[in-house]
>>> print(open('query15.cif').read())   # mmCIF, C-alpha atoms
data_coords
#
loop_
_atom_site.label_atom_id
_atom_site.label_comp_id
_atom_site.auth_asym_id
_atom_site.auth_seq_id
_atom_site.Cartn_x
_atom_site.Cartn_y
_atom_site.Cartn_z
CA MET A 1271 0.00 0.00 0.00
CA PRO A 1272 1.18 3.56 -0.65
CA ILE A 1273 2.59 5.45 2.29
CA HIS A 1274 0.89 8.71 3.20
CA ARG A 1275 1.30 11.05 6.14
CA ILE A 1276 -0.86 14.05 6.93
CA VAL A 1277 1.19 17.13 7.81
CA SER A 1278 0.74 18.87 11.14
CA MET A 1279 1.86 22.40 11.89
CA ALA A 1280 5.08 21.14 13.50
CA THR A 1281 6.07 17.91 11.78
CA PRO A 1282 9.34 17.08 9.97
CA ASP A 1283 9.71 17.67 6.26
CA ASP A 1284 9.10 14.03 5.31
CA ALA A 1285 5.56 14.35 6.67
CA TYR A 1286 4.65 16.03 3.38
CA GLU A 1287 5.66 13.03 1.28
CA VAL A 1288 3.25 10.84 -0.68
CA LYS A 1289 4.95 7.70 -1.99
CA SER A 1290 3.37 5.76 -4.83
CA THR A 1291 3.48 2.08 -5.74
CA PHE A 1292 2.26 3.09 -9.22
CA ASN A 1293 5.41 5.16 -9.74
CA GLU A 1294 7.60 2.30 -8.59
CA ARG A 1295 6.07 -0.15 -11.10
CA TYR A 1296 7.60 1.78 -13.97
CA GLY A 1297 11.34 1.84 -14.56
CA ILE A 1298 13.32 4.98 -13.95
CA LEU A 1299 14.22 5.14 -17.65
CA SER A 1300 10.54 5.44 -18.65
CA ARG A 1301 9.83 8.01 -15.97
CA LYS A 1302 12.85 10.14 -16.83
CA MET A 1303 11.92 10.00 -20.51
CA LEU A 1304 8.37 11.17 -19.71
CA ARG A 1305 9.84 14.02 -17.67
CA LEU A 1306 12.08 15.12 -20.55
CA LEU A 1307 9.23 14.92 -23.08
CA SER A 1308 6.88 16.79 -20.75
CA GLU A 1309 9.39 19.60 -20.44
CA ASP A 1310 10.17 19.66 -24.19
CA SER A 1311 8.29 17.31 -26.48
CA ARG A 1312 10.44 18.31 -29.47
CA VAL A 1313 13.60 16.86 -27.92
CA SER A 1314 15.26 14.55 -30.47
CA ILE A 1315 15.91 10.83 -30.04
CA SER A 1316 19.64 11.55 -29.97
CA GLU A 1317 19.17 14.18 -27.26
CA LEU A 1318 16.99 11.77 -25.25
CA ALA A 1319 19.61 9.05 -25.53
CA LYS A 1320 22.39 11.37 -24.39
CA ALA A 1321 20.37 12.73 -21.45
CA LEU A 1322 19.41 9.21 -20.33
CA GLY A 1323 22.84 7.66 -20.93
CA VAL A 1324 21.57 4.96 -23.29
CA SER A 1325 22.00 4.12 -26.96
CA ARG A 1326 19.87 5.83 -29.59
CA ARG A 1327 18.23 2.48 -30.38
CA THR A 1328 17.31 1.90 -26.73
CA ALA A 1329 15.86 5.41 -26.49
CA ALA A 1330 13.81 4.95 -29.68
CA ASN A 1331 12.43 1.58 -28.50
CA ARG A 1332 11.52 2.92 -25.07
CA LEU A 1333 9.85 5.95 -26.61
CA ARG A 1334 7.63 3.75 -28.78
CA GLY A 1335 6.80 1.71 -25.70
CA ILE A 1336 5.68 4.58 -23.50
CA GLU A 1337 3.75 6.20 -26.37
CA GLY A 1338 1.58 3.08 -26.48
CA GLU A 1339 1.42 2.46 -22.74
CA PHE A 1340 0.20 5.95 -21.90
CA SER A 1341 -1.60 6.94 -25.13
CA ILE A 1342 0.64 9.99 -25.39
CA LYS A 1343 -0.45 13.00 -27.41
CA TYR A 1344 2.20 15.61 -28.13
CA SER A 1345 0.66 19.02 -27.57
CA LEU A 1346 1.31 22.64 -26.67
CA GLU A 1347 1.04 24.60 -23.48
CA LEU A 1348 -0.03 27.91 -24.98
CA ASN A 1349 0.44 31.41 -23.58
CA GLU A 1350 -3.24 32.26 -23.30
CA GLN A 1351 -2.59 35.84 -22.19
CA VAL A 1352 -0.47 36.62 -25.23
CA LEU A 1353 -3.10 34.99 -27.49
CA ASN A 1354 -5.79 37.12 -25.78
CA LEU A 1355 -7.59 34.06 -24.40
CA THR A 1356 -8.37 35.93 -21.24
CA ARG A 1357 -11.64 34.39 -20.05
CA PRO A 1358 -10.51 31.11 -18.44
CA HIS A 1359 -13.15 29.55 -16.20
CA LEU A 1360 -13.62 26.33 -14.27
CA ILE A 1361 -17.18 25.14 -13.82
CA ALA A 1362 -18.50 22.52 -11.40
CA VAL A 1363 -21.95 21.15 -12.29
CA LYS A 1364 -24.22 19.04 -10.08
CA PHE A 1365 -27.29 17.39 -11.63
CA LYS A 1366 -30.45 16.61 -9.68
CA LYS A 1367 -31.77 14.46 -12.54
CA LYS A 1368 -29.74 11.74 -14.24
CA PRO A 1369 -27.74 13.41 -17.03
CA ASP A 1370 -27.43 12.16 -20.59
CA TYR A 1371 -23.70 12.70 -20.98
CA ASP A 1372 -23.74 11.91 -24.70
CA ALA A 1373 -26.29 14.67 -25.30
CA ILE A 1374 -24.44 17.06 -22.99
CA THR A 1375 -21.15 16.37 -24.78
CA LYS A 1376 -22.75 17.32 -28.11
CA MET A 1377 -24.11 20.52 -26.57
CA LEU A 1378 -20.70 21.48 -25.25
CA GLN A 1379 -18.78 20.57 -28.39
CA SER A 1380 -21.10 22.68 -30.55
CA SER A 1381 -19.26 25.75 -29.18
CA TYR A 1382 -15.57 26.65 -29.40
CA ILE A 1383 -15.59 27.96 -25.80
CA PRO A 1384 -15.46 24.74 -23.69
CA GLN A 1385 -12.03 23.13 -23.99
CA CYS A 1386 -12.41 20.08 -21.77
CA ALA A 1387 -15.30 18.35 -20.00
CA VAL A 1388 -15.01 15.53 -17.49
CA ALA A 1389 -17.70 13.38 -15.86
CA THR A 1390 -16.99 13.09 -12.13
CA LYS A 1391 -18.32 11.32 -9.04
CA GLY A 1392 -18.63 13.20 -5.78
CA HIS A 1393 -19.96 16.62 -4.77
CA TYR A 1394 -20.28 17.56 -8.46
CA ASP A 1395 -21.01 15.47 -11.55
CA MET A 1396 -19.16 17.37 -14.26
CA LEU A 1397 -16.09 19.58 -14.48
CA VAL A 1398 -15.68 21.94 -17.44
CA TYR A 1399 -12.75 24.13 -18.44
CA ALA A 1400 -13.81 26.98 -20.75
CA ASN A 1401 -12.04 29.94 -22.31
CA SER A 1402 -12.72 32.70 -24.82
CA HIS A 1403 -11.25 35.90 -26.22
CA ASP A 1404 -14.53 37.78 -25.84
CA SER A 1405 -16.34 38.41 -22.54
CA LYS A 1406 -19.76 38.93 -24.15
CA GLU A 1407 -19.53 35.71 -26.13
CA TYR A 1408 -18.43 33.85 -23.01
CA ALA A 1409 -21.33 35.26 -20.96
CA HIS A 1410 -23.80 34.35 -23.73
CA TRP A 1411 -22.45 30.79 -23.94
CA GLU A 1412 -22.59 30.28 -20.18
CA LYS A 1413 -26.18 31.45 -19.94
CA SER A 1414 -27.26 29.35 -22.93
CA MET A 1415 -25.64 26.25 -21.37
CA GLN A 1416 -27.44 26.85 -18.09
CA ILE A 1417 -30.73 26.99 -20.01
CA LEU A 1418 -29.93 23.84 -22.02
CA LEU A 1419 -28.99 21.93 -18.87
CA SER A 1420 -32.04 23.08 -16.95
CA GLU A 1421 -33.86 19.87 -17.93
CA TYR A 1422 -31.41 18.04 -15.63
CA GLU A 1423 -31.93 20.65 -12.86
CA ALA A 1424 -28.24 21.53 -13.02
CA ASP A 1425 -26.55 23.51 -10.25
CA TRP A 1426 -23.90 25.46 -12.19
CA ARG A 1427 -21.01 26.94 -10.18
CA THR A 1428 -18.46 28.94 -12.17
CA SER A 1429 -15.16 30.50 -11.11
CA GLU A 1430 -12.70 32.57 -13.11
CA ILE A 1431 -9.07 31.46 -13.06
CA VAL A 1432 -6.89 34.25 -11.67
CA HIS A 1433 -3.68 32.58 -12.85
CA ARG A 1434 -2.28 29.07 -13.09
CA GLN A 1435 0.29 28.29 -10.49
CA LEU A 1436 0.83 24.88 -12.04
CA GLY A 1437 -0.54 22.86 -14.94
CA PHE A 1438 -2.69 23.63 -17.96
CA PHE A 1439 -5.68 22.49 -19.98
CA PRO A 1440 -4.94 21.87 -23.69
CA ILE A 1441 -6.71 24.30 -26.02
CA ARG A 1442 -8.88 22.98 -28.87
CA ASN A 1443 -8.09 24.05 -32.43
CA GLU A 1444 -11.68 25.31 -32.69
CA LEU A 1445 -10.72 28.11 -30.30
CA LEU A 1446 -7.40 28.76 -32.06
CA ASP A 1447 -9.42 29.40 -35.24
CA ARG A 1448 -10.93 32.45 -33.46
CA ILE A 1449 -7.73 34.15 -32.33
CA ASP A 1450 -6.58 37.30 -34.11
CA ILE A 1451 -3.13 36.41 -35.44
CA PRO A 1452 -1.83 36.08 -39.04
CA ASP A 1453 -3.15 33.00 -40.84
CA LYS A 1454 0.33 31.59 -41.50
CA TYR A 1455 1.05 31.54 -37.76
CA LYS A 1456 -2.39 30.20 -36.93
CA ALA A 1457 -2.03 27.29 -39.40
CA LEU A 1458 1.36 26.34 -37.97
CA LEU A 1459 0.11 26.68 -34.39
CA LYS A 1460 -2.81 24.33 -35.10
CA ILE A 1461 -0.53 21.65 -36.56
CA LEU A 1462 1.81 21.82 -33.58
CA ASN A 1463 -1.18 21.78 -31.21
CA VAL A 1464 -2.16 18.39 -32.64
CA ASN A 1465 1.41 17.06 -32.80
CA SER A 1466 4.11 19.20 -31.22
CA ARG A 1467 6.81 16.77 -32.46
CA ALA A 1468 5.85 17.34 -36.11
CA SER A 1469 8.96 17.75 -38.26
CA PHE A 1470 9.54 20.79 -40.46
CA ASN A 1471 9.41 18.50 -43.52
CA ASN A 1472 5.96 17.15 -42.59
CA ILE A 1473 4.68 20.62 -41.76
CA SER A 1474 6.05 21.86 -45.10
CA LYS A 1475 4.04 19.22 -46.96
CA GLU A 1476 0.86 19.85 -44.99
CA LEU A 1477 0.98 23.63 -45.47
CA ASP A 1478 2.50 23.52 -48.97
CA MET A 1479 5.20 25.84 -47.70
CA HIS A 1480 8.97 25.75 -48.22
CA VAL A 1481 10.88 24.23 -45.30
CA SER A 1482 12.87 27.45 -44.79
CA SER A 1483 9.60 29.38 -44.48
CA VAL A 1484 8.31 26.83 -41.96
CA ALA A 1485 11.49 27.27 -39.91
CA TYR A 1486 11.22 31.07 -40.06
CA ASN A 1487 7.55 31.07 -38.99
CA PHE A 1488 8.29 28.52 -36.27
CA ASN A 1489 10.94 30.80 -34.80
CA ARG A 1490 8.57 33.75 -35.07
CA LEU A 1491 5.98 31.83 -33.01
CA LEU A 1492 8.56 31.43 -30.29
CA LYS A 1493 9.68 35.07 -30.39
CA LEU A 1494 6.08 36.27 -30.27
CA GLY A 1495 5.59 34.24 -27.10
CA TYR A 1496 2.54 32.28 -28.27
CA ILE A 1497 3.94 28.99 -26.95
CA LYS A 1498 4.90 28.43 -23.32
CA ARG A 1499 6.06 24.87 -23.79
CA PHE A 1500 6.14 21.96 -26.21
CA THR A 1501 4.73 19.23 -24.01
CA LEU A 1502 2.52 16.16 -23.91
CA SER A 1503 -0.66 14.86 -22.36
CA MET A 1504 -1.56 11.30 -21.45
CA ASP A 1505 -4.76 9.35 -21.16
CA PRO A 1506 -5.63 8.77 -17.49
CA PRO A 1507 -4.26 5.32 -16.56
CA LYS A 1508 -7.12 3.06 -15.51
CA ASP A 1509 -5.36 1.93 -12.33
CA LEU A 1510 -5.03 5.45 -10.91
CA SER A 1511 -7.49 7.70 -9.10
CA PHE A 1512 -7.77 11.37 -10.10
CA MET A 1513 -9.16 13.72 -7.49
CA SER A 1514 -10.22 17.32 -8.10
CA PHE A 1515 -11.50 19.83 -5.59
CA PHE A 1516 -12.67 23.39 -5.20
CA ALA A 1517 -12.08 25.28 -1.93
CA LYS A 1518 -13.76 28.34 -0.42
CA TYR A 1519 -12.06 30.12 2.49
CA ASN A 1520 -13.00 32.46 5.30
CA PRO A 1521 -9.38 33.56 5.85
CA SER A 1522 -7.88 33.97 9.30
CA ARG A 1523 -4.92 36.19 10.11
CA ARG A 1524 -2.63 33.20 9.56
CA TYR A 1525 -3.99 32.45 6.08
CA GLU A 1526 -0.71 33.27 4.28
CA VAL A 1527 1.19 31.01 6.67
CA HIS A 1528 -1.23 28.20 5.90
CA CYS A 1529 -0.74 28.81 2.16
CA SER A 1530 3.03 28.44 2.65
CA ILE A 1531 2.53 25.16 4.51
CA ALA A 1532 0.32 23.80 1.73
CA ARG A 1533 2.78 24.87 -0.98
CA LYS A 1534 5.64 23.17 0.83
CA ALA A 1535 4.13 19.82 -0.14
CA LEU A 1536 5.11 20.59 -3.74
CA MET A 1537 8.73 19.82 -2.92
CA TYR A 1538 8.03 16.25 -1.90
CA ASP A 1539 6.75 14.70 -5.10
CA ASP A 1540 8.95 12.00 -6.57
CA PRO A 1541 11.31 13.98 -8.88
CA ASN A 1542 10.44 11.57 -11.72
CA SER A 1543 6.80 11.08 -10.88
CA LEU A 1544 3.86 9.72 -12.85
CA VAL A 1545 1.70 10.30 -9.80
CA SER A 1546 1.45 13.76 -8.28
CA ARG A 1547 -0.64 15.49 -5.63
CA TYR A 1548 -0.53 18.51 -7.93
CA LEU A 1549 -1.29 18.22 -11.64
CA ILE A 1550 -3.05 21.60 -11.63
CA THR A 1551 -3.33 24.34 -9.03
CA ALA A 1552 -5.15 27.60 -9.70
CA PRO A 1553 -6.43 30.48 -7.55
CA LEU A 1554 -9.99 31.46 -8.52
CA LEU A 1555 -12.53 34.25 -8.27
CA GLY A 1556 -16.24 33.53 -8.08
CA SER A 1557 -17.99 30.55 -6.56
CA TYR A 1558 -14.70 29.18 -5.23
CA ASP A 1559 -11.24 30.48 -4.30
CA PHE A 1560 -8.96 27.59 -5.29
CA PHE A 1561 -8.85 24.51 -7.53
CA THR A 1562 -6.53 21.56 -7.69
CA MET A 1563 -6.33 18.17 -9.36
CA GLY A 1564 -3.98 15.31 -8.51
CA ALA A 1565 -3.30 11.67 -9.39
CA PHE A 1566 -3.10 8.97 -6.71
CA ASP A 1567 -2.78 5.21 -6.32
CA ASN A 1568 -6.37 4.77 -5.14
CA ALA A 1569 -9.44 6.67 -3.95
CA ASP A 1570 -8.58 6.40 -0.24
CA VAL A 1571 -5.13 7.91 -0.74
CA ALA A 1572 -6.63 10.56 -3.05
CA TYR A 1573 -9.03 11.72 -0.34
CA SER A 1574 -6.42 11.60 2.41
CA ALA A 1575 -3.54 13.20 0.49
CA ASP A 1576 -5.62 15.80 -1.31
CA VAL A 1577 -8.86 16.77 0.41
CA LYS A 1578 -8.11 15.81 4.01
CA PHE A 1579 -4.61 17.31 3.75
CA HIS A 1580 -6.02 20.63 2.55
CA LYS A 1581 -8.75 20.75 5.18
CA HIS A 1582 -6.21 20.03 7.89
CA VAL A 1583 -3.81 22.78 6.81
CA PHE A 1584 -6.56 25.40 6.42
CA LYS A 1585 -8.76 24.38 9.36
CA GLU A 1586 -8.28 27.78 11.05
CA ASP A 1587 -9.59 29.47 7.89
CA LYS A 1588 -12.94 27.65 7.98
CA VAL A 1589 -12.29 26.15 4.56
CA ARG A 1590 -15.16 24.51 2.68
CA VAL A 1591 -14.10 21.89 0.14
CA VAL A 1592 -16.18 20.19 -2.54
CA HIS A 1593 -14.43 17.31 -4.28
CA ALA A 1594 -15.02 14.71 -6.95
CA ALA A 1595 -13.12 11.89 -8.61
CA VAL A 1596 -12.63 11.86 -12.38
CA ASP A 1597 -14.86 9.19 -13.92
CA ARG A 1598 -14.28 9.72 -17.65
CA VAL A 1599 -13.24 12.41 -20.08
CA LEU A 1600 -16.18 13.54 -22.20
CA PHE A 1601 -14.02 15.50 -24.65
CA GLY A 1602 -10.73 17.36 -24.71
CA ARG A 1603 -7.72 16.08 -22.80
CA LEU A 1604 -6.71 16.17 -19.17
CA PRO A 1605 -3.29 17.73 -18.56
CA ILE A 1606 -1.56 14.59 -17.34
CA ARG A 1607 2.21 14.82 -17.71
CA SER A 1608 5.36 14.56 -15.61
CA LEU A 1609 6.91 17.80 -14.35
CA ASP A 1610 9.04 18.72 -11.37
CA THR A 1611 6.53 20.75 -9.37
CA SER A 1612 9.09 22.47 -7.13
CA LYS A 1613 11.09 23.43 -10.23
CA GLU A 1614 7.93 24.81 -11.82
CA TYR A 1615 7.46 27.08 -8.84
CA ASN A 1616 11.13 28.05 -9.18
CA MET A 1617 11.82 27.38 -5.52
CA ILE A 1618 14.67 25.87 -3.58
CA ARG A 1619 12.95 25.84 -0.21
CA TRP A 1620 9.84 27.19 1.48
CA ASN A 1621 10.19 29.25 4.64
CA VAL A 1622 7.30 28.39 6.92
CA THR A 1623 6.91 30.25 10.21
#
>>> encode(input="query15.cif", output="structure tokens")
Amino acid sequence: MPIHRIVSMATPDDAYEVKSTFNERYGILSRKMLRLLSEDSRVSISELAKALGVSRRTAANRLRGIEGEFSIKYSLELNEQVLNLTRPHLIAVKFKKKPDYDAITKMLQSSYIPQCAVATKGHYDMLVYANSHDSKEYAHWEKSMQILLSEYEADWRTSEIVHRQLGFFPIRNELLDRIDIPDKYKALLKILNVNSRASFNNISKELDMHVSSVAYNFNRLLKLGYIKRFTLSMDPPKDLSFMSFFAKYNPSRRYEVHCSIARKALMYDDPNSLVSRYLITAPLLGSYDFFTMGAFDNADVAYSADVKFHKHVFKEDKVRVVHAAVDRVLFGRLPIRSLDTSKEYNMIRWNVT
């Protein structure tokens, strides 16, 4: 069984650790390769081999193996602010009547605004990530969805994402079609969004563009800051539990101290992890103040390491947490990848008083 310890306000550093038997089932070579590809999915086979200290043939074979094992899709983490996608929202929906998820999926996919929808089990039945470049269009879509879902007596709770501390939701090409950038950049961005490892030669054929022009436009995309990272996403492994939660606080005077204690847990993920307490963290405005999603060995550990941990740290702030486990992805992709969370926060240590 996985080892988990709940942190107290005066426990040693190892109290933050969540060890995973799932992580340990996969060799360090596979996990390090996933980390490298998550940080830069365009890294070459030769570069992978050199970084891992193996032959090019071994690296190529292992890459093919993990692509199949985890249903890897090479994608982009886009700079939504630069692309003027400035209406990011997370929505938790609870149905009083049994929902028809197939019908709801069609409703959602008919618009370019929702980017990912997930059926969940817990305090809410569906989680939606939505974004748009236009506040009026977003408001119109949200109201129309509430009307369409009224037949299921849906309780719709929406919160705007202030900023992402960690993680991302992949953006659909349907939304990229709406952004106001030159067509040549948009076409290239859409290809890379589907396959961020696409070679210049393949892009050249698809766009009927000279390879030198592809290279020039590619470099322009980088200089313009449209792309944060060439990365990947994975299908949720069936033998893992994914827990998401929304929190609402009534902050005490020690709220910032409690935030520091909670963030300290970021340092104690396995440095080459496939399982992480933090896949996404995001402060919110609206119905809730904070959102997170993590991956765990099983549902009991997910509740203990995620929800119970958070309630314990913020108990003085009268925190209210609603949580749900991911049941299935209705459309879009969950942002499952392998990153060093403490490195992402650019921290060496947390000072907790």
>>> axis_aligned_box(input="query15.cif", around="segment 1591-1594 of chain A", padding_each_side="4 Å", output="JSON")
{"center_x": -15.1, "center_y": 18.3, "center_z": -3.4, "size_x": 10.1, "size_y": 15.2, "size_z": 15.1}
>>> resolve_selection(input="query15.cif", expression="the PyMOL selection byres ((chain A and resi 1365-1371) around 12)", output="MDAnalysis selection string")
chainID A and resid 1362:1364 1372:1379 1387:1397 1416 1418:1427 1597:1601
>>> write_last_selection(input="query15.cif", atoms="C-alpha atoms", output="CSV table (one decimal), keeping the file's coordinate frame")
chain,number,residue,atom,x,y,z
A,1362,ALA,CA,-18.5,22.5,-11.4
A,1363,VAL,CA,-22.0,21.2,-12.3
A,1364,LYS,CA,-24.2,19.0,-10.1
A,1372,ASP,CA,-23.7,11.9,-24.7
A,1373,ALA,CA,-26.3,14.7,-25.3
A,1374,ILE,CA,-24.4,17.1,-23.0
A,1375,THR,CA,-21.2,16.4,-24.8
A,1376,LYS,CA,-22.8,17.3,-28.1
A,1377,MET,CA,-24.1,20.5,-26.6
A,1378,LEU,CA,-20.7,21.5,-25.2
A,1379,GLN,CA,-18.8,20.6,-28.4
A,1387,ALA,CA,-15.3,18.4,-20.0
A,1388,VAL,CA,-15.0,15.5,-17.5
A,1389,ALA,CA,-17.7,13.4,-15.9
A,1390,THR,CA,-17.0,13.1,-12.1
A,1391,LYS,CA,-18.3,11.3,-9.0
A,1392,GLY,CA,-18.6,13.2,-5.8
A,1393,HIS,CA,-20.0,16.6,-4.8
A,1394,TYR,CA,-20.3,17.6,-8.5
A,1395,ASP,CA,-21.0,15.5,-11.6
A,1396,MET,CA,-19.2,17.4,-14.3
A,1397,LEU,CA,-16.1,19.6,-14.5
A,1416,GLN,CA,-27.4,26.8,-18.1
A,1418,LEU,CA,-29.9,23.8,-22.0
A,1419,LEU,CA,-29.0,21.9,-18.9
A,1420,SER,CA,-32.0,23.1,-17.0
A,1421,GLU,CA,-33.9,19.9,-17.9
A,1422,TYR,CA,-31.4,18.0,-15.6
A,1423,GLU,CA,-31.9,20.6,-12.9
A,1424,ALA,CA,-28.2,21.5,-13.0
A,1425,ASP,CA,-26.6,23.5,-10.2
A,1426,TRP,CA,-23.9,25.5,-12.2
A,1427,ARG,CA,-21.0,26.9,-10.2
A,1597,ASP,CA,-14.9,9.2,-13.9
A,1598,ARG,CA,-14.3,9.7,-17.6
A,1599,VAL,CA,-13.2,12.4,-20.1
A,1600,LEU,CA,-16.2,13.5,-22.2
A,1601,PHE,CA,-14.0,15.5,-24.6
>>> atom_distance(input="query15.cif", atom1="atom CA of Pro1553 of chain A", atom2="atom CA of Lys1493 of chain A")
28.3 Å
>>> atom_distance(input="query15.cif", atom1="atom CA of Arg1312 of chain A", atom2="atom CA of Arg1607 of chain A")
14.8 Å
>>> closest_residue(input="query15.cif", among="A:Ile1431, A:Ala1575, A:Ile1298, A:Leu1510", to="Asp1559 of chain A", atoms="only C-alpha atoms")
A:Ile1431
>>> closest_residue(input="query15.cif", among="A:Arg1448, A:Lys1518, A:Lys1343, A:Lys1585", to="Tyr1558 of chain A", atoms="only C-alpha atoms")
A:Lys1518
>>> closest_residue(input="query15.cif", among="A:Arg1357, A:Lys1508, A:Arg1490, A:Lys1289", to="Val1596 of chain A", atoms="only C-alpha atoms")
A:Lys1508
>>> residues_around(input="query15.cif", residues="Asn1465 of chain A", least_positions_apart="4", cutoff="8 Å", atoms="only C-alpha atoms", output="VMD selection string")
chain A and resid 1343 to 1345 1461
>>> closest_residue(input="query15.cif", among="A:Leu1549, A:Ala1517, A:Leu1555, A:Ile1497", to="Val1591 of chain A", atoms="all atoms listed in the file")
A:Ala1517
>>> atom_distance(input="query15.cif", atom1="atom CA of Asp1310 of chain A", atom2="atom CA of Leu1502 of chain A")
8.4 Å
>>> resolve_selection(input="query15.cif", expression="the PyMOL selection byres ((chain A and resi 1382) around 10)", output="ChimeraX atom specification")
/A:1378-1381,1383-1385,1400-1402,1411,1441-1448
>>> closest_residue(input="query15.cif", among="A:Tyr1296, A:Tyr1573, A:Tyr1486, A:Tyr1525", to="Phe1512 of chain A", atoms="only C-alpha atoms")
A:Tyr1573
>>> closest_residue(input="query15.cif", among="A:Gly1564, A:Gly1335, A:Pro1440, A:Pro1605", to="Asn1349 of chain A", atoms="all atoms listed in the file")
A:Pro1440
>>> resolve_selection(input="query15.cif", expression="the PyMOL selection byres ((chain A and resi 1318) around 12)", output="PDB file with C-alpha atoms, in the frame of the given file")
ATOM      1  CA  LEU A1299      14.220   5.140 -17.650  1.00  0.00           C
ATOM      2  CA  SER A1300      10.540   5.440 -18.650  1.00  0.00           C
ATOM      3  CA  LYS A1302      12.850  10.140 -16.830  1.00  0.00           C
ATOM      4  CA  MET A1303      11.920  10.000 -20.510  1.00  0.00           C
ATOM      5  CA  LEU A1304       8.370  11.170 -19.710  1.00  0.00           C
ATOM      6  CA  ARG A1305       9.840  14.020 -17.670  1.00  0.00           C
ATOM      7  CA  LEU A1306      12.080  15.120 -20.550  1.00  0.00           C
ATOM      8  CA  LEU A1307       9.230  14.920 -23.080  1.00  0.00           C
ATOM      9  CA  GLU A1309       9.390  19.600 -20.440  1.00  0.00           C
ATOM     10  CA  ASP A1310      10.170  19.660 -24.190  1.00  0.00           C
ATOM     11  CA  SER A1311       8.290  17.310 -26.480  1.00  0.00           C
ATOM     12  CA  ARG A1312      10.440  18.310 -29.470  1.00  0.00           C
ATOM     13  CA  VAL A1313      13.600  16.860 -27.920  1.00  0.00           C
ATOM     14  CA  SER A1314      15.260  14.550 -30.470  1.00  0.00           C
ATOM     15  CA  ILE A1315      15.910  10.830 -30.040  1.00  0.00           C
ATOM     16  CA  SER A1316      19.640  11.550 -29.970  1.00  0.00           C
ATOM     17  CA  GLU A1317      19.170  14.180 -27.260  1.00  0.00           C
ATOM     18  CA  ALA A1319      19.610   9.050 -25.530  1.00  0.00           C
ATOM     19  CA  LYS A1320      22.390  11.370 -24.390  1.00  0.00           C
ATOM     20  CA  ALA A1321      20.370  12.730 -21.450  1.00  0.00           C
ATOM     21  CA  LEU A1322      19.410   9.210 -20.330  1.00  0.00           C
ATOM     22  CA  GLY A1323      22.840   7.660 -20.930  1.00  0.00           C
ATOM     23  CA  VAL A1324      21.570   4.960 -23.290  1.00  0.00           C
ATOM     24  CA  SER A1325      22.000   4.120 -26.960  1.00  0.00           C
ATOM     25  CA  ARG A1326      19.870   5.830 -29.590  1.00  0.00           C
ATOM     26  CA  ARG A1327      18.230   2.480 -30.380  1.00  0.00           C
ATOM     27  CA  THR A1328      17.310   1.900 -26.730  1.00  0.00           C
ATOM     28  CA  ALA A1329      15.860   5.410 -26.490  1.00  0.00           C
ATOM     29  CA  ALA A1330      13.810   4.950 -29.680  1.00  0.00           C
ATOM     30  CA  ASN A1331      12.430   1.580 -28.500  1.00  0.00           C
ATOM     31  CA  ARG A1332      11.520   2.920 -25.070  1.00  0.00           C
ATOM     32  CA  LEU A1333       9.850   5.950 -26.610  1.00  0.00           C
TER      33      LEU A1333
END
